[in-house]
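Colleague: This is entry-v4.tsv, which holds TSV, C-alpha atoms:
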```
chain	number	residue	atom	x	y	z
A	133	MET	CA	52.13	-65.38	-53.70
A	134	THR	CA	49.10	-67.39	-54.80
A	135	GLU	CA	49.56	-70.29	-57.22
A	136	LEU	CA	46.86	-71.05	-59.79
A	137	VAL	CA	47.32	-74.35	-61.63
A	138	ALA	CA	44.74	-75.90	-63.96
A	139	HIS	CA	44.26	-77.01	-67.58
A	140	GLY	CA	47.97	-77.05	-68.34
A	141	ILE	CA	48.45	-73.42	-67.24
A	142	GLU	CA	50.24	-72.19	-64.13
A	143	VAL	CA	50.72	-68.68	-62.78
A	144	SER	CA	51.85	-67.05	-59.53
A	145	LEU	CA	49.94	-63.97	-58.41
A	146	PRO	CA	51.53	-61.35	-56.14
A	147	THR	CA	49.95	-60.43	-52.83
A	148	GLY	CA	46.88	-58.26	-53.37
A	149	TRP	CA	45.99	-59.81	-56.74
A	150	GLU	CA	42.93	-61.99	-57.34
A	151	GLY	CA	42.65	-64.64	-60.03
A	152	ARG	CA	40.65	-67.53	-61.46
A	153	LEU	CA	41.60	-70.23	-63.92
A	154	PHE	CA	38.67	-72.19	-65.30
A	155	ARG	CA	36.91	-73.98	-68.14
A	156	ARG	CA	33.22	-74.58	-68.79
A	157	PRO	CA	32.17	-78.24	-69.15
A	158	ARG	CA	31.84	-79.63	-72.64
A	159	ALA	CA	28.59	-81.30	-73.70
A	160	GLY	CA	28.13	-84.47	-71.66
A	161	GLU	CA	30.92	-83.57	-69.22
A	162	VAL	CA	30.17	-83.25	-65.52
A	163	ALA	CA	31.43	-80.14	-63.76
A	164	ALA	CA	34.09	-80.76	-61.14
A	165	GLN	CA	35.08	-78.02	-58.71
A	166	ASP	CA	38.45	-79.57	-57.90
A	167	ALA	CA	39.38	-79.48	-61.60
A	168	HIS	CA	38.20	-75.88	-62.10
A	169	ILE	CA	35.41	-77.01	-64.42
A	170	GLU	CA	32.14	-75.38	-63.51
A	171	GLY	CA	28.89	-74.09	-64.93
A	172	GLU	CA	26.34	-75.37	-67.40
A	173	PRO	CA	27.72	-77.64	-70.15
A	174	ALA	CA	28.28	-76.12	-73.56
A	175	ALA	CA	26.07	-76.99	-76.51
A	176	PRO	CA	27.15	-80.10	-78.47
A	177	GLN	CA	28.70	-78.04	-81.27
A	178	GLU	CA	30.70	-75.86	-78.87
A	179	THR	CA	34.14	-76.51	-77.42
A	180	THR	CA	35.54	-74.97	-74.28
A	181	ASN	CA	39.10	-74.10	-73.33
A	182	ALA	CA	41.05	-72.47	-70.53
A	183	VAL	CA	40.57	-68.87	-69.43
A	184	LEU	CA	42.71	-66.99	-66.92
A	185	HIS	CA	41.60	-63.81	-65.18
A	186	ALA	CA	44.09	-62.01	-62.94
A	187	SER	CA	43.65	-58.52	-61.53
A	188	THR	CA	44.58	-56.10	-58.80
A	189	ILE	CA	40.86	-55.70	-58.04
A	190	ALA	CA	38.39	-58.22	-56.68
A	191	VAL	CA	36.99	-59.96	-59.76
A	192	PRO	CA	33.20	-59.61	-59.60
A	193	PRO	CA	30.88	-62.50	-60.52
A	194	GLY	CA	29.49	-62.61	-64.03
A	195	VAL	CA	32.59	-61.17	-65.68
A	196	GLY	CA	32.83	-61.78	-69.43
A	197	ASP	CA	35.64	-63.78	-70.99
A	198	PHE	CA	37.50	-60.59	-71.88
A	199	ALA	CA	36.74	-58.85	-68.57
A	200	SER	CA	33.59	-56.97	-69.57
A	201	GLY	CA	31.86	-56.04	-66.34
A	202	ALA	CA	35.20	-55.66	-64.52
A	203	VAL	CA	37.47	-53.26	-66.39
A	204	ASP	CA	35.11	-50.35	-65.74
A	205	LYS	CA	35.86	-50.90	-62.04
A	206	LEU	CA	39.63	-50.44	-62.46
A	207	GLY	CA	41.16	-47.51	-60.63
A	208	PRO	CA	44.17	-45.58	-61.98
A	209	ASN	CA	46.57	-47.98	-60.22
A	210	ASP	CA	44.87	-51.22	-61.33
A	211	VAL	CA	45.41	-53.76	-64.10
A	212	PHE	CA	43.46	-56.73	-65.50
A	213	VAL	CA	45.11	-59.65	-67.33
A	214	VAL	CA	43.18	-62.13	-69.50
A	215	LEU	CA	44.62	-65.23	-71.12
A	216	PHE	CA	41.97	-66.79	-73.40
A	217	GLU	CA	42.53	-70.10	-75.19
A	218	TYR	CA	41.07	-70.96	-78.59
A	219	ASP	CA	40.83	-74.43	-80.11
A	220	PRO	CA	44.23	-76.06	-80.77
A	221	ALA	CA	43.33	-76.29	-84.47
A	222	SER	CA	43.65	-72.49	-84.59
A	223	ALA	CA	47.33	-72.62	-83.60
A	224	ASP	CA	48.36	-72.82	-87.27
A	225	ALA	CA	46.17	-69.88	-88.32
A	226	VAL	CA	47.85	-66.66	-89.45
A	227	LEU	CA	46.29	-64.74	-86.56
A	228	PHE	CA	48.27	-66.88	-84.10
A	229	LYS	CA	51.54	-66.95	-86.07
A	230	SER	CA	53.56	-65.31	-83.26
A	231	ALA	CA	55.38	-68.01	-81.31
A	232	GLY	CA	55.47	-68.06	-77.53
A	233	LEU	CA	53.77	-66.23	-74.70
A	234	PRO	CA	54.69	-62.51	-74.67
A	235	ARG	CA	56.44	-62.22	-71.29
A	236	THR	CA	57.56	-58.60	-71.51
A	237	LEU	CA	55.16	-55.89	-72.61
A	238	SER	CA	56.26	-52.29	-73.04
A	239	ALA	CA	54.45	-49.07	-72.23
A	240	ASP	CA	54.31	-48.35	-75.96
A	241	ASP	CA	52.29	-51.54	-76.55
A	242	PHE	CA	49.27	-50.02	-74.82
A	243	SER	CA	46.70	-47.86	-76.55
A	244	PRO	CA	43.19	-46.59	-75.77
A	245	ASN	CA	42.23	-47.94	-79.21
A	246	ALA	CA	42.95	-51.53	-78.17
A	247	MET	CA	40.10	-51.60	-75.65
A	248	GLN	CA	37.09	-53.85	-76.26
A	249	ARG	CA	34.99	-50.88	-75.17
A	250	ALA	CA	36.51	-47.43	-74.85
A	251	ILE	CA	36.73	-46.26	-71.22
A	252	ARG	CA	38.07	-42.80	-70.63
A	253	GLY	CA	41.66	-42.82	-69.37
A	254	GLN	CA	42.22	-46.56	-69.78
A	255	ALA	CA	44.33	-48.43	-72.33
A	256	GLY	CA	44.81	-52.00	-73.44
A	257	VAL	CA	46.83	-54.39	-75.55
A	258	GLN	CA	46.04	-57.70	-77.22
A	259	LYS	CA	48.54	-60.29	-78.42
A	260	PHE	CA	47.58	-63.42	-80.37
A	261	PHE	CA	50.12	-66.24	-80.29
A	262	HIS	CA	50.67	-70.00	-80.24
A	263	ASP	CA	52.54	-71.91	-77.55
A	264	GLN	CA	52.93	-75.67	-77.01
A	265	GLY	CA	50.56	-76.36	-79.91
A	266	ARG	CA	47.85	-74.21	-78.31
A	267	ALA	CA	46.31	-70.91	-79.50
A	268	PHE	CA	45.80	-67.93	-77.19
A	269	CYS	CA	44.96	-64.27	-76.92
A	270	LEU	CA	46.61	-62.24	-74.18
A	271	TYR	CA	44.48	-59.18	-73.39
A	272	VAL	CA	45.59	-56.67	-70.77
A	273	VAL	CA	43.88	-53.49	-69.57
A	274	ILE	CA	45.51	-50.82	-67.41
A	275	GLY	CA	43.49	-48.36	-65.38
A	276	ALA	CA	45.37	-45.26	-66.52
A	277	PHE	CA	47.11	-44.73	-69.85
A	278	ALA	CA	48.98	-41.82	-68.27
A	279	ARG	CA	50.52	-44.21	-65.72
A	280	ARG	CA	51.46	-46.95	-68.18
A	281	LYS	CA	55.18	-46.80	-67.35
A	282	GLU	CA	54.38	-47.58	-63.70
A	283	LEU	CA	51.65	-50.15	-64.36
A	284	VAL	CA	53.17	-52.28	-67.13
A	285	PRO	CA	55.97	-53.66	-64.89
A	286	ARG	CA	53.24	-55.04	-62.59
A	287	VAL	CA	51.79	-56.90	-65.56
A	288	ASN	CA	55.19	-58.24	-66.58
A	289	GLN	CA	55.76	-59.51	-63.04
A	290	VAL	CA	52.79	-61.84	-63.49
A	291	LEU	CA	53.61	-62.81	-67.09
A	292	ALA	CA	57.10	-63.86	-65.99
A	293	THR	CA	55.57	-66.60	-63.82
A	294	LEU	CA	53.07	-67.89	-66.38
A	295	THR	CA	53.76	-71.29	-67.94
A	296	ILE	CA	51.84	-73.27	-70.56
A	297	GLU	CA	52.01	-77.04	-71.02
A	298	PRO	CA	51.17	-79.05	-74.13
A	299	LEU	CA	47.91	-81.01	-74.03
A	300	ASP	CA	47.27	-84.61	-74.99
A	301	GLY	CA	44.46	-85.72	-77.28
A	302	THR	CA	41.92	-85.49	-74.45
A	303	GLY	CA	42.76	-81.90	-73.57
A	304	ALA	CA	44.68	-82.84	-70.42
A	305	PRO	CA	48.23	-81.65	-69.61
A	306	THR	CA	50.90	-84.07	-70.81
A	307	THR	CA	53.51	-83.41	-68.13
A	308	SER	CA	51.81	-83.03	-64.76
A	309	THR	CA	48.66	-83.61	-62.74
A	310	THR	CA	46.43	-80.57	-62.41
A	311	THR	CA	46.15	-79.09	-58.93
A	312	THR	CA	44.39	-76.00	-57.69
A	313	SER	CA	44.84	-73.46	-54.91
A	314	PRO	CA	42.73	-70.60	-53.53
A	315	THR	CA	42.77	-67.25	-55.25
A	316	ALA	CA	44.47	-64.23	-53.77
A	317	PRO	CA	42.67	-62.50	-50.88
A	318	GLY	CA	40.15	-59.81	-51.72
A	319	PRO	CA	40.04	-56.40	-50.05
A	320	GLY	CA	38.43	-57.82	-46.92
A	321	GLY	CA	40.85	-60.74	-46.63
A	322	GLU	CA	38.37	-63.26	-48.01
A	323	THR	CA	39.19	-65.77	-50.73
A	324	THR	CA	37.05	-66.81	-53.66
A	325	THR	CA	36.82	-69.75	-56.01
A	326	THR	CA	33.99	-68.36	-58.12
A	327	VAL	CA	34.38	-69.13	-61.81
A	328	GLU	CA	32.67	-67.77	-64.90
A	329	PRO	CA	31.60	-70.13	-67.71
A	330	THR	CA	33.02	-69.59	-71.18
A	331	THR	CA	32.76	-71.06	-74.65
A	332	THR	CA	35.13	-70.84	-77.58
A	333	SER	CA	34.12	-68.78	-80.59
A	334	ALA	CA	35.95	-67.78	-83.73
A	335	PRO	CA	38.94	-65.47	-83.11
A	336	SER	CA	38.01	-61.80	-83.30
A	337	THR	CA	39.97	-58.61	-82.98
A	338	SER	CA	36.97	-56.45	-82.18
A	339	GLY	CA	33.41	-56.72	-80.94
A	340	GLY	CA	31.53	-59.80	-79.74
A	341	ASN	CA	33.26	-61.79	-77.00
A	342	GLY	CA	36.72	-60.92	-78.27
A	343	PRO	CA	38.81	-57.92	-77.19
```
Translate this structure into structure tokens?

Modeller:
Amino acid sequence: MTELVAHGIEVSLPTGWEGRLFRRPRAGEVAAQDAHIEGEPAAPQETTNAVLHASTIAVPPGVGDFASGAVDKLGPNDVFVVLFEYDPASADAVLFKSAGLPRTLSADDFSPNAMQRAIRGQAGVQKFFHDQGRAFCLYVVIGAFARRKELVPRVNQVLATLTIEPLDGTGAPTTSTTTTSPTAPGPGGETTTTVEPTTTSAPSTSGGNGP
């Protein structure tokens, strides 16, 4: 198991999975590797929030917020999980009216039509929700729609370990100090701490940076 803990989010990844949990610096904020804040600061009008990527493949550099540049590399036995946070002010919006992280997905939740970009044979699901006063989208892609009954339990294994903490007024967790740990080993046994910058945009159910 590999533990990822940052920005009030914690998850345990099974052996063979790779993950990253990160946030781009806000304007005027200095990046800090030990806090999983990295990349060029956002523009003054932009805000940044937590993003989790977890997958059974090695996550390549330059992956988009919703896994563009990675999902096309999924094999029929692979999955990719994205947890993307929007501004806390969005938590009361109708789009995020569902309460609590969806911990158990079913095979019937997945559809080829839920993909950000259609890829033959693959399927996805997106769930918008609020938890601990925070607004999120859970976006999951499986490498083979035909194998969804075998693949979805692997996704649920990870979701069962995922926890979300409330944030204080500064955007820091209210209940514990953030710590970090290496990501799961890649195919060659190496580890990686590479992170991909992200900025928060308006929620979207299709196109743009959304799923």

Colleague: Contacts of stretch 248-265 of chain A at 9 Å or less, counting only C-alpha atoms, minus same-chain residues fewer than 5 places along, as a PyMOL selection string?

Modeller: chain A and resi 198+200+203-204+206+208+220-224+227-234+237+241-243+270-278+280+296-299+337-343

Colleague: Around (35.1, -56.0, -60.5) in the file's frame, which residues reach within 6 Å when counting all atoms listed in the file? Return as JSON, numbers by chain?

Modeller: {"A": [190, 191, 192, 202, 205]}

Colleague: Which residues come within 8 Å of A:Met133, counting all atoms listed in the file, excluding same-chain residues fewer than 4 positions away, as a VMD selection string?

Modeller: chain A and resid 144 to 147 316

Colleague: Those selected residues, please, written with C-alpha atoms and delivered as a short mmCIF file (atom, residue, chain, number, x, y, z; two decimals), in the coordinates of the input.

Modeller:
```
data_model
loop_
_atom_site.label_atom_id
_atom_site.label_comp_id
_atom_site.auth_asym_id
_atom_site.auth_seq_id
_atom_site.Cartn_x
_atom_site.Cartn_y
_atom_site.Cartn_z
CA SER A 144 51.85 -67.05 -59.53
CA LEU A 145 49.94 -63.97 -58.41
CA PRO A 146 51.53 -61.35 -56.14
CA THR A 147 49.95 -60.43 -52.83
CA ALA A 316 44.47 -64.23 -53.77
#
```

Colleague: Between atom CA of A:Ala159 and atom CA of A:Ala175, measure the distance and give it in Å to one decimal.

Modeller: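 Taking atom CA of A:Ala159 and atom CA of A:Ala175, their separation equals 5.7 Å.
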
Colleague: What gap, in Å, lies between atom CA of A:Asp219 and atom CA of A:Phe268?

Modeller: 8.7 Å

Colleague: Between atom CA of A:Thr188 and atom CA of A:Gly207, what is the spacing in Å?

Modeller: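 Taking atom CA of A:Gly207 and atom CA of A:Thr188, their separation equals 9.4 Å.
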
Colleague: For A:Arg156, which residue out of A:Leu136, A:Thr179, A:Val143, A:Pro193 is the nearest one, using only C-alpha atoms?

Modeller: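 Looking only at the distances to A:Arg156, the closest residue turns out to be A:Thr179.
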
Colleague: Using only C-alpha atoms, which protein or nucleic acid residues come within 10 Å of A:Arg235? Drop anything in the same chain fewer than 3 positions from it, and give the result as a CSV table (one decimal) with C-alpha atoms, in the coordinates of the input.

Modeller:
```csv
chain,number,residue,atom,x,y,z
A,232,GLY,CA,55.5,-68.1,-77.5
A,287,VAL,CA,51.8,-56.9,-65.6
A,288,ASN,CA,55.2,-58.2,-66.6
A,289,GLN,CA,55.8,-59.5,-63.0
A,290,VAL,CA,52.8,-61.8,-63.5
A,291,LEU,CA,53.6,-62.8,-67.1
A,292,ALA,CA,57.1,-63.9,-66.0
A,293,THR,CA,55.6,-66.6,-63.8
A,294,LEU,CA,53.1,-67.9,-66.4
```

Colleague: Using only C-alpha atoms, pick whichever of A:Glu150, A:Glu135, A:Asp240, A:Glu217 has the shortest atom-to-atom distance to A:Thr180.

Modeller: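 Of A:Glu150, A:Glu135, A:Asp240, A:Glu217, the one nearest A:Thr180, counting only C-alpha atoms, is A:Glu217.
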